[in-house]
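Have a look at start.cif; it's mmCIF, C-alpha atoms:
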```
data_my_file
loop_
_atom_site.group_PDB
_atom_site.id
_atom_site.type_symbol
_atom_site.label_atom_id
_atom_site.label_comp_id
_atom_site.auth_asym_id
_atom_site.auth_seq_id
_atom_site.Cartn_x
_atom_site.Cartn_y
_atom_site.Cartn_z
ATOM 1 C CA MET A 9 107.389 60.719 -25.514
ATOM 2 C CA THR A 10 110.236 62.769 -24.017
ATOM 3 C CA ILE A 11 113.398 62.886 -26.062
ATOM 4 C CA LYS A 12 116.883 63.903 -25.020
ATOM 5 C CA THR A 13 118.644 65.921 -27.665
ATOM 6 C CA THR A 14 121.458 68.456 -27.578
ATOM 7 C CA ALA A 15 120.591 70.346 -30.758
ATOM 8 C CA ALA A 16 117.570 71.439 -32.785
ATOM 9 C CA LEU A 17 117.567 71.697 -36.556
ATOM 10 C CA GLY A 18 114.935 73.918 -38.159
ATOM 11 C CA ILE A 19 114.273 73.429 -41.857
ATOM 12 C CA ASP A 20 112.447 75.942 -44.039
ATOM 13 C CA ILE A 21 111.555 73.984 -47.154
ATOM 14 C CA SER A 22 110.634 75.104 -50.652
ATOM 15 C CA LYS A 23 110.324 73.386 -54.005
ATOM 16 C CA ASN A 24 113.908 73.876 -55.178
ATOM 17 C CA ASP A 25 115.938 74.308 -51.990
ATOM 18 C CA PHE A 26 115.785 74.447 -48.223
ATOM 19 C CA ASP A 27 117.377 76.549 -45.502
ATOM 20 C CA VAL A 28 118.488 74.981 -42.252
ATOM 21 C CA ALA A 29 119.333 76.447 -38.864
ATOM 22 C CA LEU A 30 121.168 74.316 -36.327
ATOM 23 C CA LEU A 31 120.573 75.591 -32.796
ATOM 24 C CA ARG A 32 123.051 74.329 -30.229
ATOM 25 C CA LEU A 33 124.191 75.959 -26.987
ATOM 26 C CA ASN A 34 122.113 79.047 -27.884
ATOM 27 C CA LYS A 35 124.056 79.585 -31.124
ATOM 28 C CA PHE A 36 122.887 79.197 -34.708
ATOM 29 C CA LYS A 37 124.648 77.742 -37.730
ATOM 30 C CA ASN A 38 122.871 78.331 -41.037
ATOM 31 C CA LYS A 39 123.154 76.772 -44.478
ATOM 32 C CA LYS A 40 121.148 76.407 -47.689
ATOM 33 C CA PHE A 41 120.920 73.191 -49.713
ATOM 34 C CA VAL A 42 119.323 72.065 -52.967
ATOM 35 C CA ASN A 43 116.135 70.068 -52.392
ATOM 36 C CA ASN A 44 117.312 66.779 -53.899
ATOM 37 C CA SER A 45 119.253 63.680 -52.878
ATOM 38 C CA LYS A 46 122.592 65.423 -53.390
ATOM 39 C CA GLY A 47 121.478 68.242 -51.094
ATOM 40 C CA PHE A 48 120.341 65.735 -48.463
ATOM 41 C CA SER A 49 123.766 64.073 -48.470
ATOM 42 C CA GLN A 50 125.453 67.467 -48.246
ATOM 43 C CA LEU A 51 123.264 68.303 -45.237
ATOM 44 C CA ALA A 52 124.321 65.079 -43.505
ATOM 45 C CA SER A 53 127.987 65.855 -44.216
ATOM 46 C CA TRP A 54 127.562 69.431 -42.976
ATOM 47 C CA LEU A 55 126.074 68.228 -39.693
ATOM 48 C CA LYS A 56 128.834 65.675 -39.291
ATOM 49 C CA GLY A 57 131.399 68.421 -39.899
ATOM 50 C CA LEU A 58 129.822 70.427 -37.082
ATOM 51 C CA GLY A 59 130.244 67.471 -34.753
ATOM 52 C CA VAL A 60 126.593 66.504 -34.344
ATOM 53 C CA SER A 61 125.036 63.141 -35.101
ATOM 54 C CA ALA A 62 121.554 61.739 -35.638
ATOM 55 C CA PRO A 63 120.523 60.704 -32.129
ATOM 56 C CA GLU A 64 121.284 64.096 -30.604
ATOM 57 C CA VAL A 65 119.554 66.278 -33.224
ATOM 58 C CA HIS A 66 115.800 66.935 -33.208
ATOM 59 C CA VAL A 67 114.714 68.058 -36.681
ATOM 60 C CA ALA A 68 111.580 70.129 -37.265
ATOM 61 C CA MET A 69 110.000 71.421 -40.453
ATOM 62 C CA GLN A 70 106.638 72.775 -41.488
ATOM 63 C CA ALA A 71 104.267 70.541 -43.402
ATOM 64 C CA LYS A 72 104.410 71.768 -47.000
ATOM 65 C CA GLY A 73 103.037 68.901 -49.018
ATOM 66 C CA VAL A 74 105.490 66.906 -51.102
ATOM 67 C CA TYR A 75 108.300 69.489 -50.898
ATOM 68 C CA GLY A 76 109.572 68.277 -47.539
ATOM 69 C CA GLU A 77 108.629 64.635 -47.786
ATOM 70 C CA SER A 78 111.919 63.429 -49.281
ATOM 71 C CA VAL A 79 114.246 65.241 -46.889
ATOM 72 C CA ALA A 80 112.105 64.183 -43.900
ATOM 73 C CA THR A 81 112.283 60.568 -45.061
ATOM 74 C CA PHE A 82 116.038 60.802 -45.670
ATOM 75 C CA LEU A 83 116.713 62.207 -42.202
ATOM 76 C CA HIS A 84 114.401 59.682 -40.543
ATOM 77 C CA ASP A 85 116.189 56.829 -42.313
ATOM 78 C CA GLN A 86 119.498 58.281 -41.058
ATOM 79 C CA GLY A 87 118.244 57.993 -37.471
ATOM 80 C CA PHE A 88 117.222 61.591 -36.798
ATOM 81 C CA TYR A 89 114.150 62.403 -34.712
ATOM 82 C CA VAL A 90 111.989 64.250 -37.246
ATOM 83 C CA SER A 91 108.897 66.337 -36.550
ATOM 84 C CA VAL A 92 106.719 67.663 -39.359
ATOM 85 C CA VAL A 93 104.531 70.353 -37.825
ATOM 86 C CA ASN A 94 101.572 72.486 -38.821
ATOM 87 C CA GLY A 95 102.699 75.881 -40.073
ATOM 88 C CA ALA A 96 100.090 77.608 -37.919
ATOM 89 C CA ARG A 97 101.845 76.328 -34.780
ATOM 90 C CA VAL A 98 105.155 77.790 -35.914
ATOM 91 C CA LYS A 99 103.494 81.065 -36.872
ATOM 92 C CA GLY A 100 101.836 81.275 -33.467
ATOM 93 C CA PHE A 101 105.165 80.585 -31.781
ATOM 94 C CA ALA A 102 106.855 83.310 -33.847
ATOM 95 C CA GLN A 103 104.139 85.796 -32.889
ATOM 96 C CA SER A 104 104.531 84.908 -29.214
ATOM 97 C CA GLU A 105 108.208 85.810 -29.562
ATOM 98 C CA LEU A 106 107.276 89.026 -31.404
ATOM 99 C CA SER A 107 109.323 87.713 -34.290
ATOM 100 C CA ARG A 108 108.661 89.189 -37.721
ATOM 101 C CA THR A 109 110.523 86.897 -40.047
ATOM 102 C CA ASN A 110 110.806 87.708 -43.721
ATOM 103 C CA THR A 111 113.623 85.490 -44.977
ATOM 104 C CA ASP A 112 113.981 81.737 -45.334
ATOM 105 C CA LYS A 113 117.094 81.851 -43.141
ATOM 106 C CA LYS A 114 115.218 83.571 -40.305
ATOM 107 C CA ASP A 115 112.251 81.229 -40.737
ATOM 108 C CA ALA A 116 114.592 78.254 -40.275
ATOM 109 C CA CYS A 117 115.873 79.852 -37.043
ATOM 110 C CA VAL A 118 112.317 80.312 -35.747
ATOM 111 C CA ILE A 119 111.526 76.664 -36.530
ATOM 112 C CA ALA A 120 114.677 75.584 -34.659
ATOM 113 C CA ARG A 121 113.686 77.664 -31.611
ATOM 114 C CA PHE A 122 110.151 76.240 -31.829
ATOM 115 C CA CYS A 123 111.631 72.736 -31.917
ATOM 116 C CA GLU A 124 113.897 73.357 -28.946
ATOM 117 C CA ALA A 125 111.179 75.002 -26.847
ATOM 118 C CA LEU A 126 108.172 72.785 -27.586
ATOM 119 C CA LYS A 127 109.788 69.492 -28.619
ATOM 120 C CA PRO A 128 107.036 68.454 -31.057
ATOM 121 C CA THR A 129 106.268 64.783 -31.446
ATOM 122 C CA GLN A 130 107.871 62.692 -34.115
ATOM 123 C CA GLY A 131 106.069 62.278 -37.407
ATOM 124 C CA VAL A 132 107.240 58.968 -38.795
ATOM 125 C CA PRO A 133 107.403 58.852 -42.615
ATOM 126 C CA THR A 134 106.141 55.815 -44.447
ATOM 127 C CA ALA A 135 108.383 52.845 -43.663
ATOM 128 C CA LYS A 136 111.216 52.279 -46.129
ATOM 129 C CA GLU A 137 109.997 48.798 -47.076
ATOM 130 C CA ILE A 138 106.513 50.168 -47.872
ATOM 131 C CA ARG A 139 108.007 52.913 -50.057
ATOM 132 C CA GLU A 140 110.071 50.278 -51.878
ATOM 133 C CA LEU A 141 106.994 48.122 -52.374
ATOM 134 C CA LYS A 142 105.073 51.073 -53.814
ATOM 135 C CA ALA A 143 107.971 51.742 -56.202
ATOM 136 C CA LEU A 144 107.855 48.118 -57.388
ATOM 137 C CA PHE A 145 104.107 48.374 -58.009
ATOM 138 C CA ARG A 146 104.626 51.583 -60.001
ATOM 139 C CA ARG A 147 107.295 49.822 -62.069
ATOM 140 C CA LEU A 148 104.996 46.866 -62.678
ATOM 141 C CA GLU A 149 102.239 49.212 -63.824
ATOM 142 C CA ALA A 150 104.617 50.951 -66.250
ATOM 143 C CA LEU A 151 105.749 47.605 -67.672
ATOM 144 C CA GLN A 152 102.167 46.441 -68.109
ATOM 145 C CA GLU A 153 101.338 49.652 -69.971
ATOM 146 C CA ALA A 154 104.385 49.184 -72.177
ATOM 147 C CA LEU A 155 103.325 45.612 -72.895
ATOM 148 C CA GLN A 156 99.833 46.746 -73.850
ATOM 149 C CA GLU A 157 101.247 49.385 -76.195
ATOM 150 C CA ALA A 158 103.595 46.831 -77.752
ATOM 151 C CA LEU A 159 100.731 44.374 -78.266
ATOM 152 C CA GLN A 160 98.661 47.060 -79.955
ATOM 153 C CA GLU A 161 101.604 48.010 -82.139
ATOM 154 C CA MET A 162 102.096 44.370 -83.116
ATOM 155 C CA LEU A 163 98.423 44.014 -83.940
ATOM 156 C CA GLN A 164 98.517 47.170 -86.069
ATOM 157 C CA GLN A 165 101.608 45.907 -87.885
ATOM 158 C CA GLU A 166 99.857 42.627 -88.622
ATOM 159 C CA GLN A 167 96.749 44.411 -89.861
ATOM 160 C CA ASN A 168 98.786 46.718 -92.099
ATOM 161 C CA ARG A 169 100.832 43.855 -93.511
ATOM 162 C CA VAL A 170 98.178 41.177 -93.623
ATOM 163 C CA ALA A 171 99.327 40.227 -97.084
ATOM 164 C CA ASP A 172 102.978 40.183 -96.052
ATOM 165 C CA SER A 173 103.334 37.228 -93.724
ATOM 166 C CA ASP A 174 107.145 37.420 -93.912
ATOM 167 C CA SER A 175 107.405 40.969 -92.535
ATOM 168 C CA ILE A 176 110.833 41.439 -90.977
ATOM 169 C CA LEU A 177 109.321 43.591 -88.244
ATOM 170 C CA LEU A 178 107.180 40.878 -86.702
ATOM 171 C CA PRO A 179 110.021 38.839 -85.145
ATOM 172 C CA GLU A 180 111.478 42.003 -83.593
ATOM 173 C CA ILE A 181 108.114 42.970 -82.126
ATOM 174 C CA GLU A 182 107.589 39.432 -80.847
ATOM 175 C CA ASP A 183 111.025 39.550 -79.196
ATOM 176 C CA HIS A 184 110.106 42.857 -77.559
ATOM 177 C CA ILE A 185 106.858 41.397 -76.248
ATOM 178 C CA THR A 186 108.714 38.366 -74.881
ATOM 179 C CA ASP A 187 111.228 40.656 -73.143
ATOM 180 C CA LEU A 188 108.472 42.759 -71.586
ATOM 181 C CA LYS A 189 106.655 39.677 -70.354
ATOM 182 C CA LEU A 190 109.873 38.479 -68.727
ATOM 183 C CA ARG A 191 110.400 41.855 -67.038
ATOM 184 C CA ILE A 192 106.829 41.853 -65.715
ATOM 185 C CA LYS A 193 107.301 38.338 -64.364
ATOM 186 C CA GLN A 194 110.547 39.368 -62.656
ATOM 187 C CA THR A 195 108.930 42.470 -61.140
ATOM 188 C CA LYS A 196 105.990 40.433 -59.845
ATOM 189 C CA GLN A 197 108.477 38.026 -58.260
ATOM 190 C CA ALA A 198 110.334 40.967 -56.691
ATOM 191 C CA ILE A 199 107.038 42.181 -55.202
ATOM 192 C CA ASP A 200 106.285 38.716 -53.813
ATOM 193 C CA ASP A 201 109.788 38.460 -52.354
ATOM 194 C CA HIS A 202 109.499 41.934 -50.848
ATOM 195 C CA ILE A 203 106.200 41.067 -49.190
ATOM 196 C CA ASP A 204 107.651 37.805 -47.845
ATOM 197 C CA ASN A 205 110.668 39.621 -46.402
ATOM 198 C CA TYR A 206 109.025 42.663 -44.820
ATOM 199 C CA ILE A 207 105.288 42.249 -44.388
ATOM 200 C CA GLU A 208 103.729 39.814 -41.978
#
```
Would you mind writing the file's structure down as structure tokens?
Amino acid sequence: MTIKTTAALGIDISKNDFDVALLRLNKFKNKKFVNNSKGFSQLASWLKGLGVSAPEVHVAMQAKGVYGESVATFLHDQGFYVSVVNGARVKGFAQSELSRTNTDKKDACVIARFCEALKPTQGVPTAKEIRELKALFRRLEALQEALQEALQEMLQQEQNRVADSDSILLPEIEDHITDLKLRIKQTKQAIDDHIDNYIE
């Protein structure tokens, strides 16, 4: 697929932060951001301040496991064309340019030039509704584990106080169990609703 963009954004990602290089009209603008949701929002604001918007920017970054997954997803959801590429391709491109990069800032510039020159294909992150569904399943699993722990605690309390049928702790534990059961029921309903809304 051929895309028409007016700028390339190279991202050099690491665990805690990421460097970006915006290449437009043969000029670079560089910036570093923290690798979290606040940093992603600051990146979007920075791009907006430079007068560029999602449809005209082609973003490229090297595949580095989970480190770049969140920012790639954020940018994709914002409407950017995002390419996650094999690092060997970028390295080969840098060598073809006789570029010997040794800083994150320069690496981001190389990735931007790679993006502009080769226009790698888009790598679509997992759809937002699927990510939300997975989050609901994780929440359900956590609630079920909490319920199991609470049931075991209740059983242990009963065993320890077998002679004390009026233990003041039992009603509190029973209330906790009831609350957890309600939360699990609500989460299951949210999963069902989510599936009905987004998945055919």
> Can you tell me how far atom CA of Thr186 of chain A sits from atom CA of Asn205 of chain A, in Å to one decimal?
Replying inline: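 Interatomic distance, atom CA of Thr186 of chain A to atom CA of Asn205 of chain A: 28.6 Å.
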>> Which residues would end up in the selection if the PyMOL selection byres ((chain A and resi 31-44) around 10) were applied here, given that I need the answer as number ranges by chain?
In response: A: 13-30, 45-51, 54-55, 58, 60, 65-66, 75-76, 78-79, 112-114, 116-121, 123-124
Can I get the selection written as an mmCIF file, keeping the file's coordinate frame, with C-alpha atoms?
```
data_model
loop_
_atom_site.group_PDB
_atom_site.id
_atom_site.type_symbol
_atom_site.label_atom_id
_atom_site.label_comp_id
_atom_site.auth_asym_id
_atom_site.auth_seq_id
_atom_site.Cartn_x
_atom_site.Cartn_y
_atom_site.Cartn_z
ATOM 1 C CA THR A 13 118.644 65.921 -27.665
ATOM 2 C CA THR A 14 121.458 68.456 -27.578
ATOM 3 C CA ALA A 15 120.591 70.346 -30.758
ATOM 4 C CA ALA A 16 117.570 71.439 -32.785
ATOM 5 C CA LEU A 17 117.567 71.697 -36.556
ATOM 6 C CA GLY A 18 114.935 73.918 -38.159
ATOM 7 C CA ILE A 19 114.273 73.429 -41.857
ATOM 8 C CA ASP A 20 112.447 75.942 -44.039
ATOM 9 C CA ILE A 21 111.555 73.984 -47.154
ATOM 10 C CA SER A 22 110.634 75.104 -50.652
ATOM 11 C CA LYS A 23 110.324 73.386 -54.005
ATOM 12 C CA ASN A 24 113.908 73.876 -55.178
ATOM 13 C CA ASP A 25 115.938 74.308 -51.990
ATOM 14 C CA PHE A 26 115.785 74.447 -48.223
ATOM 15 C CA ASP A 27 117.377 76.549 -45.502
ATOM 16 C CA VAL A 28 118.488 74.981 -42.252
ATOM 17 C CA ALA A 29 119.333 76.447 -38.864
ATOM 18 C CA LEU A 30 121.168 74.316 -36.327
ATOM 19 C CA SER A 45 119.253 63.680 -52.878
ATOM 20 C CA LYS A 46 122.592 65.423 -53.390
ATOM 21 C CA GLY A 47 121.478 68.242 -51.094
ATOM 22 C CA PHE A 48 120.341 65.735 -48.463
ATOM 23 C CA SER A 49 123.766 64.073 -48.470
ATOM 24 C CA GLN A 50 125.453 67.467 -48.246
ATOM 25 C CA LEU A 51 123.264 68.303 -45.237
ATOM 26 C CA TRP A 54 127.562 69.431 -42.976
ATOM 27 C CA LEU A 55 126.074 68.228 -39.693
ATOM 28 C CA LEU A 58 129.822 70.427 -37.082
ATOM 29 C CA VAL A 60 126.593 66.504 -34.344
ATOM 30 C CA VAL A 65 119.554 66.278 -33.224
ATOM 31 C CA HIS A 66 115.800 66.935 -33.208
ATOM 32 C CA TYR A 75 108.300 69.489 -50.898
ATOM 33 C CA GLY A 76 109.572 68.277 -47.539
ATOM 34 C CA SER A 78 111.919 63.429 -49.281
ATOM 35 C CA VAL A 79 114.246 65.241 -46.889
ATOM 36 C CA ASP A 112 113.981 81.737 -45.334
ATOM 37 C CA LYS A 113 117.094 81.851 -43.141
ATOM 38 C CA LYS A 114 115.218 83.571 -40.305
ATOM 39 C CA ALA A 116 114.592 78.254 -40.275
ATOM 40 C CA CYS A 117 115.873 79.852 -37.043
ATOM 41 C CA VAL A 118 112.317 80.312 -35.747
ATOM 42 C CA ILE A 119 111.526 76.664 -36.530
ATOM 43 C CA ALA A 120 114.677 75.584 -34.659
ATOM 44 C CA ARG A 121 113.686 77.664 -31.611
ATOM 45 C CA CYS A 123 111.631 72.736 -31.917
ATOM 46 C CA GLU A 124 113.897 73.357 -28.946
#
```
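Comparing A:Ile199, A:Val67, A:Ala62, A:Leu151 by their smallest distance to Glu137 of chain A, the closest is A:Ile199 (using all atoms listed in the file).
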> Taking into account all atoms listed in the file, which residue in the set A:Ala125, A:Met162, A:Gly57, A:Val92 is nearest to Glu105 of chain A?
Replying inline: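 Counting all atoms listed in the file, the residue closest to Glu105 of chain A is A:Ala125.
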> Do you know which residues the PyMOL selection byres ((chain A and resi 97) around 12) returns on this file, as a list in words?
Replying inline: Ala68, Met69, Gln70, Ala71, Val92, Val93, Asn94, Gly95, Ala96, Val98, Lys99, Gly100, Phe101, Ala102, Gln103, Ser104, Val118, Ile119, Phe122, Cys123, Leu126 and Pro128 of chain A
> Between A:Ala52, A:Leu190, A:Val90, A:Ala80, which one has atoms that come closest to Gln130 of chain A, using only C-alpha atoms?
Replying inline: A:Val90
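Going from atom CA of Tyr89 of chain A to atom CA of Thr111 of chain A covers 25.3 Å.
If you measure from each of A:Gln152, A:Thr81, A:Asn110, A:Leu159 to Ile185 of chain A using all atoms listed in the file, the closest one turns out to be A:Leu159.
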> Do you have the atom CA of Glu161 of chain A-atom CA of Lys189 of chain A distance handy?
Replying inline: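 These two atoms are separated by 15.3 Å.
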Extending 5 Å beyond the listed atoms of segment 141-152 of chain A on each side, what axis-aligned box results? I want centre and edge lengths in Å to one decimal, as JSON.
```
{"center_x": 105.1, "center_y": 49.1, "center_z": -60.2, "size_x": 15.8, "size_y": 15.3, "size_z": 25.7}
```
